[in-house]
file query-v1.tsv (TSV, C-alpha atoms)
chain	number	residue	atom	x	y	z
Q	1	MET	CA	21.30	-2.53	-27.97
Q	2	SER	CA	19.28	-5.57	-27.01
Q	3	GLU	CA	15.58	-5.55	-27.68
Q	4	ALA	CA	13.40	-4.95	-24.61
Q	5	VAL	CA	10.63	-7.47	-24.01
Q	6	SER	CA	7.99	-7.72	-21.32
Q	7	ALA	CA	8.23	-10.39	-18.64
Q	8	LEU	CA	6.00	-12.99	-20.27
Q	9	SER	CA	6.10	-11.73	-23.86
Q	10	GLY	CA	2.39	-11.17	-24.20
Q	11	ALA	CA	1.16	-14.40	-22.62
Q	12	ILE	CA	-2.62	-14.87	-22.77
Q	13	PHE	CA	-4.97	-17.06	-20.80
Q	14	GLU	CA	-8.63	-17.42	-21.70
Q	15	GLY	CA	-10.79	-18.48	-18.79
Q	16	PHE	CA	-14.07	-16.94	-17.67
Q	17	ALA	CA	-12.02	-13.77	-17.92
Q	18	THR	CA	-9.02	-13.15	-20.11
Q	19	VAL	CA	-5.63	-12.55	-18.51
Q	20	THR	CA	-3.06	-10.89	-20.75
Q	21	ASP	CA	0.50	-9.70	-20.33
Q	22	THR	CA	0.04	-6.22	-21.78
Q	23	GLY	CA	3.64	-5.82	-22.87
Q	24	LEU	CA	6.11	-3.11	-22.06
Q	25	ARG	CA	4.88	-0.08	-20.18
Q	26	GLY	CA	6.74	3.03	-19.15
Q	27	MET	CA	6.61	3.59	-15.39
Q	28	ILE	CA	8.25	6.32	-13.40
Q	29	THR	CA	8.38	6.55	-9.64
Q	30	VAL	CA	8.23	10.14	-8.42
Q	31	ARG	CA	8.81	10.86	-4.76
Q	32	GLY	CA	8.59	14.19	-3.04
Q	33	ASP	CA	6.10	16.57	-1.47
Q	34	LEU	CA	2.92	15.90	-3.45
Q	35	ALA	CA	1.25	19.08	-2.26
Q	36	SER	CA	4.06	21.33	-3.47
Q	37	LYS	CA	3.65	23.71	-6.38
Q	38	ASP	CA	6.69	22.24	-8.11
Q	39	MET	CA	5.19	18.77	-8.09
Q	40	GLY	CA	1.91	19.97	-9.55
Q	41	ALA	CA	3.74	21.90	-12.25
Q	42	ALA	CA	6.02	18.97	-13.06
Q	43	ILE	CA	3.18	16.48	-13.49
Q	44	LYS	CA	1.35	19.05	-15.59
Q	45	ALA	CA	4.42	19.64	-17.75
Q	46	ALA	CA	5.19	15.95	-18.17
Q	47	ILE	CA	1.83	14.48	-19.10
Q	48	ASP	CA	-0.70	17.28	-18.57
Q	49	ALA	CA	-2.41	15.64	-15.61
Q	50	ASP	CA	-3.28	16.77	-12.09
Q	51	VAL	CA	-1.64	15.34	-8.99
Q	52	PRO	CA	-4.11	12.67	-7.84
Q	53	ALA	CA	-5.81	12.72	-4.46
Q	54	GLN	CA	-5.35	9.89	-1.99
Q	55	ARG	CA	-5.62	6.47	-3.73
Q	56	ARG	CA	-6.74	8.00	-7.00
Q	57	VAL	CA	-5.56	7.85	-10.57
Q	58	THR	CA	-5.66	10.86	-12.88
Q	59	ALA	CA	-5.39	10.67	-16.63
Q	60	GLY	CA	-3.49	13.06	-18.80
Q	61	ASN	CA	-2.15	13.37	-22.27
Q	62	GLY	CA	-0.58	10.01	-23.12
Q	63	GLY	CA	-0.43	8.68	-19.62
Q	64	LYS	CA	-1.76	8.31	-16.12
Q	65	VAL	CA	-0.62	9.29	-12.67
Q	66	ALA	CA	-1.39	7.12	-9.67
Q	67	TRP	CA	-1.16	7.94	-5.96
Q	68	MET	CA	1.09	5.35	-4.35
Q	69	SER	CA	1.66	6.74	-0.85
Q	70	PRO	CA	1.60	10.18	0.81
Q	71	ASP	CA	4.94	11.02	-0.81
Q	72	GLU	CA	4.98	8.86	-3.92
Q	73	LEU	CA	3.39	8.92	-7.36
Q	74	LEU	CA	3.60	6.50	-10.25
Q	75	VAL	CA	3.59	8.03	-13.70
Q	76	VAL	CA	2.54	5.54	-16.36
Q	77	VAL	CA	3.30	6.32	-19.99
Q	78	ASP	CA	4.14	4.51	-23.22
Q	79	TYR	CA	7.40	2.61	-23.04
Q	80	ALA	CA	8.77	4.57	-25.98
Q	81	THR	CA	8.25	7.95	-24.32
Q	82	VAL	CA	9.46	7.07	-20.84
Q	83	LEU	CA	12.91	8.62	-21.17
Q	84	ASP	CA	11.45	11.88	-22.49
Q	85	THR	CA	8.99	11.97	-19.60
Q	86	VAL	CA	11.77	11.36	-17.08
Q	87	ALA	CA	13.73	14.23	-18.61
Q	88	LYS	CA	10.72	16.54	-18.41
Q	89	LEU	CA	10.05	15.62	-14.80
Q	90	ASN	CA	13.68	16.04	-13.84
Q	91	ALA	CA	13.82	19.43	-15.51
Q	92	ALA	CA	10.65	20.61	-13.77
Q	93	LEU	CA	11.71	19.29	-10.37
Q	94	SER	CA	15.37	20.24	-10.49
Q	95	GLY	CA	15.06	22.78	-7.69
Q	96	SER	CA	13.26	20.62	-5.14
Q	97	HIS	CA	14.08	17.61	-3.00
Q	98	THR	CA	12.58	14.84	-5.12
Q	99	LEU	CA	13.34	11.56	-6.78
Q	100	VAL	CA	12.41	10.58	-10.32
Q	101	SER	CA	13.24	7.04	-11.28
Q	102	ASN	CA	12.48	4.99	-14.38
Q	103	VAL	CA	11.20	1.64	-13.08
Q	104	SER	CA	9.66	0.38	-16.34
Q	105	ASP	CA	11.88	-2.67	-16.57
Q	106	ALA	CA	11.24	-3.65	-12.95
Q	107	ARG	CA	7.52	-4.13	-13.45
Q	108	ALA	CA	5.01	-6.30	-15.25
Q	109	VAL	CA	1.45	-5.36	-16.19
Q	110	PHE	CA	-1.44	-7.75	-16.68
Q	111	GLU	CA	-4.91	-7.02	-17.92
Q	112	ILE	CA	-7.94	-8.93	-16.70
Q	113	ARG	CA	-10.85	-8.50	-19.06
Q	114	GLY	CA	-14.30	-10.00	-19.01
Q	115	ALA	CA	-17.52	-10.07	-17.03
Q	116	GLY	CA	-15.84	-11.97	-14.19
Q	117	CYS	CA	-12.81	-9.74	-13.82
Q	118	ARG	CA	-13.84	-8.70	-10.31
Q	119	ASP	CA	-14.11	-12.34	-9.25
Q	120	VAL	CA	-10.61	-13.07	-10.50
Q	121	LEU	CA	-9.11	-10.36	-8.30
Q	122	ALA	CA	-11.44	-10.74	-5.34
Q	123	LYS	CA	-10.24	-14.31	-4.83
Q	124	LEU	CA	-6.62	-13.18	-4.60
Q	125	ALA	CA	-6.62	-9.85	-2.80
Q	126	PRO	CA	-8.10	-8.76	0.57
Q	127	VAL	CA	-10.06	-5.97	-1.07
Q	128	ASP	CA	-13.78	-5.30	-1.42
Q	129	LEU	CA	-14.23	-5.18	-5.18
Q	130	SER	CA	-18.00	-4.81	-5.27
Q	131	GLN	CA	-19.46	-2.38	-7.77
Q	132	GLY	CA	-19.82	0.98	-6.13
Q	133	VAL	CA	-17.26	0.26	-3.42
Q	134	PHE	CA	-14.12	0.04	-5.50
Q	135	ALA	CA	-14.12	3.39	-7.30
Q	136	GLU	CA	-13.50	3.72	-11.02
Q	137	THR	CA	-10.59	6.06	-10.50
Q	138	GLU	CA	-9.12	4.19	-7.57
Q	139	ILE	CA	-5.77	2.47	-7.36
Q	140	ARG	CA	-5.30	-0.12	-4.68
Q	141	ARG	CA	-1.88	-1.30	-3.56
Q	142	THR	CA	-2.30	-4.61	-1.87
Q	143	ARG	CA	-1.20	-8.19	-2.30
Q	144	ILE	CA	-2.10	-10.71	-4.99
Q	145	ALA	CA	-1.92	-14.07	-3.23
Q	146	GLN	CA	1.53	-13.79	-1.63
Q	147	VAL	CA	3.18	-10.88	-3.43
Q	148	PRO	CA	2.66	-7.12	-3.44
Q	149	ALA	CA	0.76	-5.71	-6.40
Q	150	ALA	CA	-1.47	-2.81	-7.35
Q	151	PHE	CA	-4.51	-2.64	-9.56
Q	152	TRP	CA	-6.97	-0.20	-11.05
Q	153	GLN	CA	-9.98	-0.32	-13.30
Q	154	THR	CA	-9.51	0.47	-16.97
Q	155	GLY	CA	-13.16	0.00	-17.89
Q	156	THR	CA	-16.36	-1.45	-16.52
Q	157	GLU	CA	-15.16	-4.98	-17.19
Q	158	SER	CA	-11.40	-4.70	-17.10
Q	159	PHE	CA	-8.66	-4.24	-14.57
Q	160	GLU	CA	-4.93	-3.77	-14.84
Q	161	VAL	CA	-2.59	-5.36	-12.34
Q	162	ILE	CA	0.93	-4.07	-11.80
Q	163	CYS	CA	3.49	-6.24	-10.04
Q	164	PHE	CA	7.23	-6.64	-9.82
Q	165	ARG	CA	8.73	-8.23	-12.90
Q	166	SER	CA	10.55	-10.79	-10.75
Q	167	VAL	CA	7.19	-12.29	-9.71
Q	168	ALA	CA	5.45	-11.89	-13.07
Q	169	GLN	CA	5.22	-15.64	-13.71
Q	170	TYR	CA	3.81	-16.24	-10.23
Q	171	VAL	CA	1.20	-13.50	-10.60
Q	172	PHE	CA	0.21	-14.73	-14.07
Q	173	ASP	CA	-0.14	-18.26	-12.71
Q	174	VAL	CA	-2.36	-17.29	-9.79
Q	175	LEU	CA	-4.49	-15.05	-12.03
Q	176	ARG	CA	-4.78	-17.93	-14.49
Q	177	LEU	CA	-5.84	-20.30	-11.74
Q	178	SER	CA	-8.34	-17.77	-10.42
Q	179	ALA	CA	-9.77	-17.18	-13.92
Q	180	THR	CA	-10.13	-20.87	-14.77
Q	181	LYS	CA	-13.62	-21.76	-16.03
Q	182	GLY	CA	-15.74	-23.22	-13.27
Q	183	GLY	CA	-14.24	-20.86	-10.71
Q	184	GLU	CA	-16.76	-18.05	-11.15
Q	185	ILE	CA	-18.30	-16.79	-7.93
Q	186	HIS	CA	-21.09	-14.57	-9.33
Q	187	HIS	CA	-21.02	-12.83	-6.01
Q	188	LEU	CA	-19.87	-9.36	-6.99
Q	189	GLY	CA	-22.31	-7.54	-9.23
L	1	MET	CA	-9.04	-11.20	11.81
L	2	LEU	CA	-7.68	-7.82	12.78
L	3	THR	CA	-8.61	-4.95	10.47
L	4	LEU	CA	-6.77	-1.66	10.90
L	5	GLN	CA	-7.21	1.59	9.02
L	6	CYS	CA	-3.90	2.85	7.66
L	7	PRO	CA	-3.74	6.53	8.64
L	8	TYR	CA	-1.63	7.33	5.58
L	9	CYS	CA	-3.66	5.84	2.74
L	10	GLY	CA	-7.01	5.48	4.49
L	11	VAL	CA	-7.41	1.84	3.51
L	12	TRP	CA	-9.11	-0.56	5.89
L	13	ALA	CA	-6.40	-3.15	5.66
L	14	GLU	CA	-6.76	-6.60	7.11
L	15	GLU	CA	-3.96	-8.33	8.91
L	16	THR	CA	-2.44	-10.17	5.96
L	17	GLU	CA	-1.74	-6.90	4.17
L	18	LEU	CA	0.07	-5.52	7.21
L	19	HIS	CA	3.17	-6.46	9.12
L	20	ALA	CA	3.38	-6.29	12.90
L	21	GLU	CA	6.43	-4.31	13.94
L	22	GLY	CA	6.40	-4.68	17.71
L	23	GLU	CA	5.75	-2.21	20.45
L	24	ALA	CA	5.03	1.46	19.82
L	25	HIS	CA	6.61	4.47	21.54
L	26	LEU	CA	9.95	2.87	22.37
L	27	LYS	CA	12.45	5.40	23.57
L	28	ARG	CA	15.87	4.74	22.16
L	29	PHE	CA	18.90	4.71	24.42
L	30	GLY	CA	21.96	4.86	22.23
L	31	PRO	CA	25.66	5.66	22.73
L	32	ASP	CA	26.59	7.09	26.15
L	33	SER	CA	23.49	5.69	27.83
L	34	ASP	CA	23.99	3.40	30.78
L	35	ASP	CA	23.78	-0.37	30.47
L	36	ALA	CA	20.48	-0.74	32.30
L	37	ASP	CA	18.71	1.76	30.01
L	38	PHE	CA	20.20	0.17	26.93
L	39	GLU	CA	19.14	-3.27	28.07
L	40	SER	CA	15.59	-2.15	28.74
L	41	TYR	CA	15.45	-0.40	25.36
L	42	LEU	CA	16.63	-3.54	23.60
L	43	PHE	CA	14.83	-6.27	25.46
L	44	MET	CA	12.13	-5.10	27.85
L	45	ARG	CA	8.67	-5.11	26.31
L	46	GLU	CA	5.18	-4.70	27.62
L	47	ASN	CA	3.00	-7.77	27.52
L	48	PRO	CA	-0.31	-6.46	28.77
L	49	LYS	CA	-3.64	-8.14	29.15
L	50	GLY	CA	-5.80	-5.33	27.81
L	51	VAL	CA	-4.80	-1.98	26.34
L	52	HIS	CA	-1.74	-2.11	24.13
L	53	PHE	CA	0.04	0.19	21.68
L	54	GLU	CA	1.69	-1.37	18.67
L	55	ARG	CA	3.60	-0.38	15.59
L	56	TRP	CA	2.38	-1.77	12.28
L	57	ARG	CA	3.57	-1.40	8.73
L	58	HIS	CA	1.26	-1.30	5.73
L	59	ALA	CA	3.68	-3.66	4.04
L	60	SER	CA	1.72	-4.62	0.92
L	61	GLY	CA	0.18	-1.18	0.59
L	62	CYS	CA	1.72	2.24	0.96
L	63	GLY	CA	4.66	0.88	2.94
L	64	LYS	CA	4.31	3.34	5.83
L	65	PHE	CA	4.71	2.60	9.52
L	66	PHE	CA	1.86	3.61	11.80
L	67	HIS	CA	0.71	3.08	15.37
L	68	ALA	CA	-2.39	1.28	16.59
L	69	ALA	CA	-4.09	1.20	19.98
L	70	ARG	CA	-6.03	-1.94	20.71
L	71	SER	CA	-7.03	-4.37	23.40
L	72	THR	CA	-5.18	-7.66	23.45
L	73	THR	CA	-8.09	-9.39	25.14
L	74	THR	CA	-11.08	-8.29	23.08
L	75	LEU	CA	-9.18	-7.35	19.89
L	76	GLU	CA	-11.11	-4.06	19.96
L	77	VAL	CA	-9.21	-1.42	18.00
L	78	PHE	CA	-9.35	2.04	19.58
L	79	GLY	CA	-7.71	3.72	16.64
L	80	THR	CA	-4.64	4.10	14.49
L	81	TYR	CA	-2.43	7.16	14.22
L	82	SER	CA	0.70	8.51	12.62
L	83	ALA	CA	4.04	7.13	13.75
L	84	GLN	CA	5.50	10.65	13.76
L	85	THR	CA	4.44	11.27	17.33
L	86	LEU	CA	5.73	10.73	20.84
L	87	GLU	CA	2.44	9.85	22.48
L	88	PRO	CA	-1.04	8.63	21.51
L	89	PRO	CA	-3.44	11.38	20.43
L	90	LYS	CA	-5.95	12.59	22.99
L	91	ASP	CA	-9.06	11.29	21.23
L	92	ILE	CA	-7.70	7.76	21.27
L	93	LYS	CA	-6.74	8.04	24.94
L	94	ASP	CA	-10.25	9.33	25.70
L	95	LYS	CA	-11.79	6.41	23.86
L	96	ILE	CA	-9.74	3.97	25.89
L	97	SER	CA	-10.59	5.76	29.15
L	98	ALA	CA	-14.28	5.49	28.35
L	99	LYS	CA	-13.95	1.73	28.05
L	100	TYR	CA	-11.24	1.03	30.61
L	101	PRO	CA	-11.26	3.77	33.26
L	102	GLY	CA	-7.92	3.98	35.04
L	103	TRP	CA	-5.93	2.16	32.35
L	104	SER	CA	-2.21	2.69	32.07
L	105	TRP	CA	0.48	1.58	29.67
L	106	ARG	CA	4.10	2.55	30.31
L	107	GLU	CA	4.01	6.30	31.02
L	108	PHE	CA	0.60	6.83	29.40
L	109	SER	CA	-2.74	6.67	31.12

call {"tool": "encode", "arguments": {"input": "query-v1.tsv", "output": "structure tokens"}}
result
Amino acid sequence: MSEAVSALSGAIFEGFATVTDTGLRGMITVRGDLASKDMGAAIKAAIDADVPAQRRVTAGNGGKVAWMSPDELLVVVDYATVLDTVAKLNAALSGSHTLVSNVSDARAVFEIRGAGCRDVLAKLAPVDLSQGVFAETEIRRTRIAQVPAAFWQTGTESFEVICFRSVAQYVFDVLRLSATKGGEIHHLG
Amino acid sequence: MLTLQCPYCGVWAEETELHAEGEAHLKRFGPDSDDADFESYLFMRENPKGVHFERWRHASGCGKFFHAARSTTTLEVFGTYSAQTLEPPKDIKDKISAKYPGWSWREFS
């Protein structure tokens, strides 16, 4: 079998914040009734996490679960364990009307790290990223410049951006432009 | 810039994150309807100066369709609500009545 690689093979840009292609990531779209018992049990069985509340991310054993819409979750795990996780989810949800789909190869993930990481995103997305407004456990689906994307905080000075793999180069380029030295805003604490 | 709250994900989304999807509360006339009804369903739209009900889609966000009530003249937003409904909720209608007594829009008032 051919060797899987991420969209930009680990590209890095060092500006006032560092933008990195984080490599392959396992991602599973789960659709169904999020409030149902089956869903809670399935997420618990798969990565030992709780079903997140609206726009939240919960962490579990070896992965995270993000709330994508009222009937959709995104389960994020290591690329190597994605097929196992899909199997676990499918087994746990076999009796209910749900969808479990491995979308790992349709996505790209970038990390923005550094003191100015909020500036980098705030210039590209119509979102208030001020400290204390954008919650630590929040996921925000929005747009980055002209394409849909989602991001969450992974630390006090780092964010992860998820976008479609087909626009990975575009997203990397706009993040790179936004992170270029001299473009700091120093506006968000 | 119009800012609407998506009733599904609670985000205060500004216009560029949304997509306008035309008029809300259209009643579909399909097979076996008469030509006049079908024509009005396809082509006839409200174009009010004032209170208006629209369908929007949180296109870059959760992807859901929702309805919004707003004024086309002042851009005041009276509220947004689920698209799984046949008429605007009472609290939104009351809000509009407080501002524009005697308003009407299609069969609603």

call {"tool": "atom_distance", "arguments": {"input": "query-v1.tsv", "atom1": "CA of Ala108 in chain Q", "atom2": "CA of Leu24 in chain Q"}}
result
7.6 Å

call {"tool": "interface_residues", "arguments": {"input": "query-v1.tsv", "of": "chain Q", "to": "chain L", "cutoff": "6 Å", "atoms": "only C-alpha atoms", "output": "PyMOL selection string"}}
result
chain Q and resi 69+141-143+148

call {"tool": "write_last_selection", "arguments": {"input": "query-v1.tsv", "atoms": "C-alpha atoms", "output": "CSV table (one decimal), in the coordinates of the input"}}
result
chain,number,residue,atom,x,y,z
Q,69,SER,CA,1.7,6.7,-0.8
Q,141,ARG,CA,-1.9,-1.3,-3.6
Q,142,THR,CA,-2.3,-4.6,-1.9
Q,143,ARG,CA,-1.2,-8.2,-2.3
Q,148,PRO,CA,2.7,-7.1,-3.4

call {"tool": "closest_residue", "arguments": {"input": "query-v1.tsv", "among": "L:Leu75, L:Leu4, L:Ile96, L:Leu86", "to": "Lys49 in chain L", "atoms": "all atoms listed in the file"}}
result
L:Leu75

call {"tool": "residues_around", "arguments": {"input": "query-v1.tsv", "residues": "range 112-126 of chain Q", "least_positions_apart": "5", "cutoff": "9 Å", "atoms": "all atoms listed in the file", "output": "PyMOL selection string"}}
result
(chain Q and resi 16-20+131+142-146+155-161+174-180+183-189) or (chain L and resi 13-14+16-17)

call {"tool": "atom_distance", "arguments": {"input": "query-v1.tsv", "atom1": "CA of Glu138 in chain Q", "atom2": "CA of Pro70 in chain Q"}}
result
14.9 Å

call {"tool": "atom_distance", "arguments": {"input": "query-v1.tsv", "atom1": "CA of Arg57 in chain L", "atom2": "CA of Lys95 in chain L"}}
result
22.9 Å

call {"tool": "residues_around", "arguments": {"input": "query-v1.tsv", "residues": "Val103 in chain Q", "least_positions_apart": "3", "cutoff": "6 Å", "atoms": "only C-alpha atoms", "output": "list in words"}}
result
Met27, Ile28 and Ala106 of chain Q

call {"tool": "residues_near_point", "arguments": {"input": "query-v1.tsv", "point": "(-5.2, 9.9, -8.5)", "cutoff": "9 Å", "atoms": "all atoms listed in the file", "output": "tab-separated table (two decimals) with C-alpha atoms, in the frame of the given file"}}
result
chain	number	residue	atom	x	y	z
Q	50	ASP	CA	-3.28	16.77	-12.09
Q	51	VAL	CA	-1.64	15.34	-8.99
Q	52	PRO	CA	-4.11	12.67	-7.84
Q	53	ALA	CA	-5.81	12.72	-4.46
Q	54	GLN	CA	-5.35	9.89	-1.99
Q	55	ARG	CA	-5.62	6.47	-3.73
Q	56	ARG	CA	-6.74	8.00	-7.00
Q	57	VAL	CA	-5.56	7.85	-10.57
Q	58	THR	CA	-5.66	10.86	-12.88
Q	59	ALA	CA	-5.39	10.67	-16.63
Q	64	LYS	CA	-1.76	8.31	-16.12
Q	65	VAL	CA	-0.62	9.29	-12.67
Q	66	ALA	CA	-1.39	7.12	-9.67
Q	67	TRP	CA	-1.16	7.94	-5.96
Q	68	MET	CA	1.09	5.35	-4.35
Q	73	LEU	CA	3.39	8.92	-7.36
Q	137	THR	CA	-10.59	6.06	-10.50
Q	138	GLU	CA	-9.12	4.19	-7.57
Q	139	ILE	CA	-5.77	2.47	-7.36

call {"tool": "build_atoms", "arguments": {"input": "query-v1.tsv", "residues": "range 96-106 of chain L", "atoms": "all heavy atoms", "output": "tab-separated table (two decimals), keeping the file's coordinate frame"}}
result
chain	number	residue	atom	x	y	z
L	96	ILE	N	-10.15	5.07	25.03
L	96	ILE	CA	-9.74	3.97	25.89
L	96	ILE	C	-10.25	4.20	27.31
L	96	ILE	O	-10.77	3.27	27.95
L	96	ILE	CB	-8.20	3.83	25.90
L	96	ILE	CG1	-7.68	3.58	24.48
L	96	ILE	CG2	-7.77	2.70	26.82
L	96	ILE	CD1	-6.18	3.62	24.34
L	97	SER	N	-10.15	5.45	27.79
L	97	SER	CA	-10.59	5.76	29.15
L	97	SER	C	-12.08	5.48	29.32
L	97	SER	O	-12.53	5.06	30.39
L	97	SER	CB	-10.32	7.23	29.48
L	97	SER	OG	-8.94	7.47	29.43
L	98	ALA	N	-12.84	5.73	28.26
L	98	ALA	CA	-14.28	5.49	28.35
L	98	ALA	C	-14.57	4.01	28.56
L	98	ALA	O	-15.52	3.63	29.24
L	98	ALA	CB	-14.95	5.97	27.07
L	99	LYS	N	-13.73	3.18	27.98
L	99	LYS	CA	-13.95	1.73	28.05
L	99	LYS	C	-13.25	1.11	29.26
L	99	LYS	O	-13.78	0.24	29.92
L	99	LYS	CB	-13.39	1.11	26.75
L	99	LYS	CG	-13.83	-0.30	26.51
L	99	LYS	CD	-14.98	-0.31	25.54
L	99	LYS	CE	-15.51	-1.71	25.36
L	99	LYS	NZ	-16.50	-1.76	24.27
L	100	TYR	N	-12.03	1.57	29.50
L	100	TYR	CA	-11.24	1.03	30.61
L	100	TYR	C	-10.78	2.17	31.51
L	100	TYR	O	-9.63	2.61	31.42
L	100	TYR	CB	-10.00	0.29	30.08
L	100	TYR	CG	-10.29	-0.91	29.22
L	100	TYR	CD1	-10.30	-0.80	27.83
L	100	TYR	CD2	-10.55	-2.15	29.80
L	100	TYR	CE1	-10.57	-1.90	27.03
L	100	TYR	CE2	-10.82	-3.26	29.00
L	100	TYR	CZ	-10.83	-3.11	27.61
L	100	TYR	OH	-11.10	-4.21	26.84
L	101	PRO	N	-11.66	2.67	32.39
L	101	PRO	CA	-11.26	3.77	33.26
L	101	PRO	C	-10.04	3.35	34.09
L	101	PRO	O	-9.98	2.21	34.57
L	101	PRO	CB	-12.49	3.97	34.16
L	101	PRO	CG	-13.61	3.31	33.45
L	101	PRO	CD	-13.03	2.18	32.66
L	102	GLY	N	-9.08	4.26	34.21
L	102	GLY	CA	-7.92	3.98	35.04
L	102	GLY	C	-6.86	3.14	34.37
L	102	GLY	O	-5.94	2.65	35.02
L	103	TRP	N	-6.93	2.96	33.06
L	103	TRP	CA	-5.93	2.16	32.35
L	103	TRP	C	-4.57	2.86	32.37
L	103	TRP	O	-4.48	4.08	32.49
L	103	TRP	CB	-6.35	1.95	30.88
L	103	TRP	CG	-6.35	3.22	30.08
L	103	TRP	CD1	-7.34	4.13	30.02
L	103	TRP	CD2	-5.30	3.72	29.24
L	103	TRP	NE1	-6.99	5.17	29.19
L	103	TRP	CE2	-5.75	4.95	28.71
L	103	TRP	CE3	-4.04	3.26	28.89
L	103	TRP	CZ2	-4.97	5.73	27.84
L	103	TRP	CZ3	-3.26	4.04	28.02
L	103	TRP	CH2	-3.72	5.25	27.52
L	104	SER	N	-3.52	2.08	32.28
L	104	SER	CA	-2.21	2.69	32.07
L	104	SER	C	-1.34	1.75	31.25
L	104	SER	O	-1.54	0.53	31.25
L	104	SER	CB	-1.54	3.02	33.41
L	104	SER	OG	-1.10	1.84	34.03
L	105	TRP	N	-0.41	2.35	30.53
L	105	TRP	CA	0.48	1.58	29.67
L	105	TRP	C	1.79	2.36	29.60
L	105	TRP	O	1.79	3.49	29.13
L	105	TRP	CB	-0.12	1.44	28.28
L	105	TRP	CG	0.65	0.56	27.35
L	105	TRP	CD1	0.50	-0.78	27.20
L	105	TRP	CD2	1.65	0.98	26.42
L	105	TRP	NE1	1.36	-1.23	26.23
L	105	TRP	CE2	2.09	-0.18	25.73
L	105	TRP	CE3	2.24	2.19	26.09
L	105	TRP	CZ2	3.08	-0.15	24.75
L	105	TRP	CZ3	3.23	2.23	25.12
L	105	TRP	CH2	3.64	1.07	24.46
L	106	ARG	N	2.86	1.80	30.13
L	106	ARG	CA	4.10	2.55	30.31
L	106	ARG	C	3.80	3.89	30.97
L	106	ARG	O	3.10	3.92	31.99
L	106	ARG	CB	4.84	2.72	28.99
L	106	ARG	CG	5.47	1.39	28.51
L	106	ARG	CD	6.55	1.63	27.48
L	106	ARG	NE	7.08	0.37	26.97
L	106	ARG	CZ	8.27	-0.13	27.32
L	106	ARG	NH1	9.05	0.49	28.17
L	106	ARG	NH2	8.68	-1.27	26.80
